[in-house]
Amino acid sequence: MSNSNNEWPLWEVFVQTKSGMPHKHCGSVHAPDKEMALQNARDTYTRRNEGTNIWVVPAAAITASSPEDIGPFFDPSNDKAYRHPTFYTIPEGVKYI
Amino acid sequence: MEDTVKQEDHFNEKLEKGDFIEPKDWMPEKYRKTLIRQISQHAHSEVVGMLPEGNWITRAPNLRRKAILLAKVQDEGGHGLYLYSAAETLGISREELLDQLHTGKAKYSSIFNYPTVTWADIGAIGWLVDGAAIMNQVMLQRTSFGPYSRAMIRICKEESFHQRQGYEIMVALSKGSAEQKQMAQDALNRWWWPTLMMFGPPDAISSNSADSIKWKIKRETNDELRQKFVDRTIAQVEYLGLTVPDPKLKWNEARGHYDFGEIDWAEFNSVVKGNGPCNRERLKARVGAHKNGEWVRDAATAYAKKQAAKAAGSLVA
Ligand SMILES: [Fe+2]
Ligand SMILES: [Fe+2]
């Protein structure tokens with residue numbers, strides 16, 4: 001990534017659309033500090049009342065799993081069907097379970 | 001070598017399944033390059049697109065129209081930012097992107113190199129230019145690159161008011177005095193052909209089309225989108241009691257589509273090459289805006305540094 005030193009750092013923006021909802025990633029902004037990152041995020045991603053709360057996170061602080069490892073990384077959960085309710089047989093006639 | 005083949009197979013399988021490609025996924029270099037070019041051109045178009053309309057903000061006929069136009073132009077700025085942010089996920093910096101625009105290395109939609117000489121042009125732009133852009137953008141909501149697709153979904157939600165406010169202006173003018181109606185007709189005459197050119201060169205000679213379709217960056221060709229636009233727009237023209245400046249326009253019963261006249265591709269190419277009526281003016285305004293903002297960026301950077309130093313100081317103490 002070519003990033004010369006006078007470019008403002010990149011912040012990833014997460015917006016909560018309604019109270020009680022999770023924050024969802026919606027893009028990024030450049031800003032010199034966290035206050036301006038919040039203001040830029042507000043002006044860029046919530047011009048129509050789309051948000052009740054915003055998180056801004058320095059992009060450099062995010063660690064992501066790597067797409068090449070998708071198999072081995074997630075396979076510990078592949079063979080554990082018993083973690084799902086449909087794995088179990090409940091006798092016919094038994095209710096509310 | 002074998003690894004690359006395997007990766008490419010995996011990439012193609014994903015496209016086949018209709019999966020999205022995300023920034024950290026392996027992708028062919030040409031796919032990456034094509035996307036950087038397309039997304040950045042798109043971003044630049046949103047940004048330069050603010051200029052012709054910005055020309056009328058101070059002269060809008062009333063406060064309602066002024067507030068609407070201001071909000072629309074602001075949206076376009078936002079669209080540019082969503083798209084720059086999507087392009088950056090492919091490994092190009094914002095500075096490089098802006099540099100490419102300001103040095104004239106990158107292109108933007110040539111439609112914005114035409115002047116806005118009357119208020120009716122603001123109506124025609126919203127109705128036709130945003131209308132054509134929407135047709136393209138609706139398709140791009142299903143583009144194969146995740147960040148581009150997500151930016152498009154967000155943009156499409158905001159676009160429909162742009163087209164409606166433009167058509168509303170055209171309705172008002174075409175129901176107004178004879179002079180106002182003439183003004184609307186004149187704007188339609190000037191914007192009609194450049195709008196049809198927005199969809200790009202015909203499929204037969206479009207150099208980027210085949211790859212874009214193969215990689216599912218685009219799902220419909222230039223000619224398909226252009227035809228769809230004409231088919232949907234003519235009834236709107238008729239409602240206004242206006243006519244498009246094309247004597248060859250005619251409903252073709254057998255095809256189930258409108259036939260229309262030959263587009264002047266020589267004009268298109270000349271505008272793309274920089275010889276449109278406003279190319280120089282647009283670039284100058286854009287570069288000027290960036291330069292005039294420099295002291296603001298510098299001040300914000302200096303303030304952030306000072307605050308960071310203060311915070312570090314108080315931690316030490
Ligand atoms: Fe836009
Ligand atoms: Fe728009």
# chains A, B, ... in the order shown; residues from 1 in each chain; ligands from 1
>>> residues_around(residues="Met170 (chain B)", least_positions_apart="4", cutoff="9 Å", atoms="only C-alpha atoms", output="PyMOL selection string")
chain B and resi 120+122-124+127+165-166+174-175+181+184+240
>>> write_last_selection(atoms="N, CA and C atoms", output="compact mmCIF listing (two decimals), in the first residue's frame")
# COMPACT_ATOMS: atom_id res chain seq x y z
N ALA B 120 -33.11 25.21 -16.50
CA ALA B 120 -33.69 23.96 -17.02
C ALA B 120 -32.63 22.86 -17.11
N ILE B 122 -30.55 22.12 -14.90
CA ILE B 122 -30.53 21.41 -13.61
C ILE B 122 -31.63 20.35 -13.60
N GLY B 123 -32.78 20.69 -14.21
CA GLY B 123 -33.85 19.69 -14.35
C GLY B 123 -33.40 18.54 -15.24
N ALA B 124 -32.82 18.89 -16.39
CA ALA B 124 -32.41 17.86 -17.36
C ALA B 124 -31.32 16.96 -16.78
N TRP B 127 -32.92 14.56 -14.10
CA TRP B 127 -33.80 13.59 -14.77
C TRP B 127 -33.01 12.64 -15.67
N GLN B 165 -36.20 14.92 -8.34
CA GLN B 165 -36.19 16.38 -8.23
C GLN B 165 -35.94 17.00 -9.61
N GLY B 166 -35.16 16.32 -10.45
CA GLY B 166 -34.89 16.84 -11.79
C GLY B 166 -36.16 16.82 -12.65
N SER B 174 -42.31 22.74 -18.04
CA SER B 174 -43.07 22.43 -19.25
C SER B 174 -44.56 22.75 -19.08
N LYS B 175 -44.99 22.96 -17.83
CA LYS B 175 -46.37 23.39 -17.60
C LYS B 175 -46.44 24.90 -17.41
N LYS B 181 -41.42 26.59 -21.18
CA LYS B 181 -41.50 25.32 -21.88
C LYS B 181 -40.38 25.21 -22.92
N ALA B 184 -37.21 24.30 -21.29
CA ALA B 184 -37.13 22.87 -20.98
C ALA B 184 -36.78 22.08 -22.25
N LEU B 240 -44.20 15.22 -20.65
CA LEU B 240 -43.83 16.64 -20.58
C LEU B 240 -44.31 17.43 -21.79
>>> interface_residues(of="chain A", to="chain B", cutoff="8 Å", atoms="only C-alpha atoms", output="count of residues only")
15
>>> residues_near_ligand(ligand="ligand 2", cutoff="8 Å", atoms="only C-alpha atoms and all ligand atoms", output="list of chain:residue names")
B:Glu46, B:Lys72, B:Val73, B:Asp75, B:Glu76, B:Gly126, B:Asp130, B:Ala133, B:Ile134, B:Glu158, B:Glu159, B:Ser160, B:His162, B:Gln163
>>> write_last_selection(atoms="N, CA, C and O atoms", output="JSON list (two decimals), in the first residue's frame")
[["chain", "number", "residue", "atom", "x", "y", "z"],
["B", 46, "GLU", "N", -18.38, 11.42, -9.76],
["B", 46, "GLU", "CA", -19.25, 11.95, -8.72],
["B", 46, "GLU", "C", -18.73, 13.31, -8.26],
["B", 46, "GLU", "O", -19.50, 14.25, -8.07],
["B", 72, "LYS", "N", -28.51, 17.55, -2.97],
["B", 72, "LYS", "CA", -28.13, 16.64, -4.05],
["B", 72, "LYS", "C", -26.63, 16.71, -4.31],
["B", 72, "LYS", "O", -25.95, 15.69, -4.39],
["B", 73, "VAL", "N", -26.13, 17.93, -4.42],
["B", 73, "VAL", "CA", -24.70, 18.11, -4.70],
["B", 73, "VAL", "C", -23.87, 17.50, -3.55],
["B", 73, "VAL", "O", -22.85, 16.86, -3.77],
["B", 75, "ASP", "N", -24.78, 15.01, -1.68],
["B", 75, "ASP", "CA", -24.84, 13.55, -1.88],
["B", 75, "ASP", "C", -23.77, 13.10, -2.87],
["B", 75, "ASP", "O", -23.12, 12.09, -2.66],
["B", 76, "GLU", "N", -23.62, 13.84, -3.96],
["B", 76, "GLU", "CA", -22.64, 13.44, -4.98],
["B", 76, "GLU", "C", -21.23, 13.44, -4.39],
["B", 76, "GLU", "O", -20.43, 12.54, -4.67],
["B", 126, "GLY", "N", -30.70, 16.19, -13.53],
["B", 126, "GLY", "CA", -31.26, 15.28, -12.53],
["B", 126, "GLY", "C", -32.06, 14.17, -13.19],
["B", 126, "GLY", "O", -31.89, 12.98, -12.89],
["B", 130, "ASP", "N", -28.72, 11.76, -14.06],
["B", 130, "ASP", "CA", -28.83, 10.86, -12.91],
["B", 130, "ASP", "C", -29.62, 9.61, -13.28],
["B", 130, "ASP", "O", -29.33, 8.51, -12.82],
["B", 133, "ALA", "N", -27.27, 7.35, -14.96],
["B", 133, "ALA", "CA", -26.32, 6.84, -13.97],
["B", 133, "ALA", "C", -27.00, 5.76, -13.12],
["B", 133, "ALA", "O", -26.41, 4.73, -12.81],
["B", 134, "ILE", "N", -28.25, 5.98, -12.76],
["B", 134, "ILE", "CA", -28.98, 5.01, -11.94],
["B", 134, "ILE", "C", -29.08, 3.66, -12.65],
["B", 134, "ILE", "O", -28.87, 2.60, -12.07],
["B", 158, "GLU", "N", -29.77, 6.55, -2.43],
["B", 158, "GLU", "CA", -29.80, 8.01, -2.38],
["B", 158, "GLU", "C", -30.15, 8.64, -3.72],
["B", 158, "GLU", "O", -30.60, 9.78, -3.77],
["B", 159, "GLU", "N", -29.91, 7.88, -4.80],
["B", 159, "GLU", "CA", -30.06, 8.46, -6.13],
["B", 159, "GLU", "C", -31.48, 8.78, -6.55],
["B", 159, "GLU", "O", -31.70, 9.69, -7.33],
["B", 160, "SER", "N", -32.46, 8.01, -6.04],
["B", 160, "SER", "CA", -33.75, 8.16, -6.70],
["B", 160, "SER", "C", -34.34, 9.54, -6.47],
["B", 160, "SER", "O", -35.05, 10.06, -7.32],
["B", 162, "HIS", "N", -32.60, 12.18, -6.58],
["B", 162, "HIS", "CA", -31.91, 13.04, -7.55],
["B", 162, "HIS", "C", -32.68, 13.10, -8.87],
["B", 162, "HIS", "O", -32.87, 14.15, -9.46],
["B", 163, "GLN", "N", -33.12, 11.92, -9.31],
["B", 163, "GLN", "CA", -33.82, 11.89, -10.59],
["B", 163, "GLN", "C", -35.20, 12.54, -10.47],
["B", 163, "GLN", "O", -35.62, 13.29, -11.33]]
>>> atom_distance(atom1="CA of Arg64 (chain B)", atom2="CA of Leu173 (chain B)")
15.5 Å
>>> atom_distance(atom1="CA of Arg282 (chain B)", atom2="CA of Val47 (chain B)")
10.5 Å
>>> closest_residue(among="B:Ile155, B:Leu128, B:Val230, B:Val296", to="ligand 1", atoms="only C-alpha atoms and all ligand atoms")
B:Ile155
>>> select_by_dssp(residues="region 131-282 of chain B", states="strand (DSSP E)", output="PyMOL selection string")
chain B and resi 250-252+257-259
>>> atom_distance(atom1="CA of Arg65 (chain B)", atom2="CA of Gly176 (chain B)")
16.2 Å
>>> residues_around(residues="Val57 (chain A)", least_positions_apart="5", cutoff="7 Å", atoms="only C-alpha atoms", output="list in words")
Trp11, Glu12 and Val13 of chain A
>>> write_last_selection(atoms="N, CA and C atoms", output="short mmCIF file (atom, residue, chain, number, x, y, z; two decimals), in the first residue's frame")
data_model
loop_
_atom_site.label_atom_id
_atom_site.label_comp_id
_atom_site.auth_asym_id
_atom_site.auth_seq_id
_atom_site.Cartn_x
_atom_site.Cartn_y
_atom_site.Cartn_z
N TRP A 11 -9.66 5.43 8.74
CA TRP A 11 -10.49 4.92 9.84
C TRP A 11 -11.63 4.12 9.25
N GLU A 12 -11.87 2.94 9.80
CA GLU A 12 -13.03 2.16 9.35
C GLU A 12 -14.24 2.62 10.15
N VAL A 13 -15.37 2.72 9.48
CA VAL A 13 -16.57 3.28 10.10
C VAL A 13 -17.63 2.20 10.32
#
>>> closest_residue(among="B:Met197, B:Leu188, B:Ile217, B:Cys278", to="Val237 (chain B)", atoms="only C-alpha atoms")
B:Leu188
>>> select_by_dssp(residues="region 12-87 of chain A", states="alpha helix (DSSP H)", output="number ranges by chain")
A: 34-45, 70-74
>>> residues_around(residues="Lys218 (chain B)", least_positions_apart="3", cutoff="10 Å", atoms="only C-alpha atoms", output="list of chain:residue names")
B:Asn136, B:Gln137, B:Met139, B:Leu140, B:Gln141, B:Arg142, B:Thr143, B:Ser144, B:Ser209, B:Ala210, B:Asp211, B:Ser212, B:Ile213, B:Lys214, B:Trp215, B:Thr221, B:Asn222
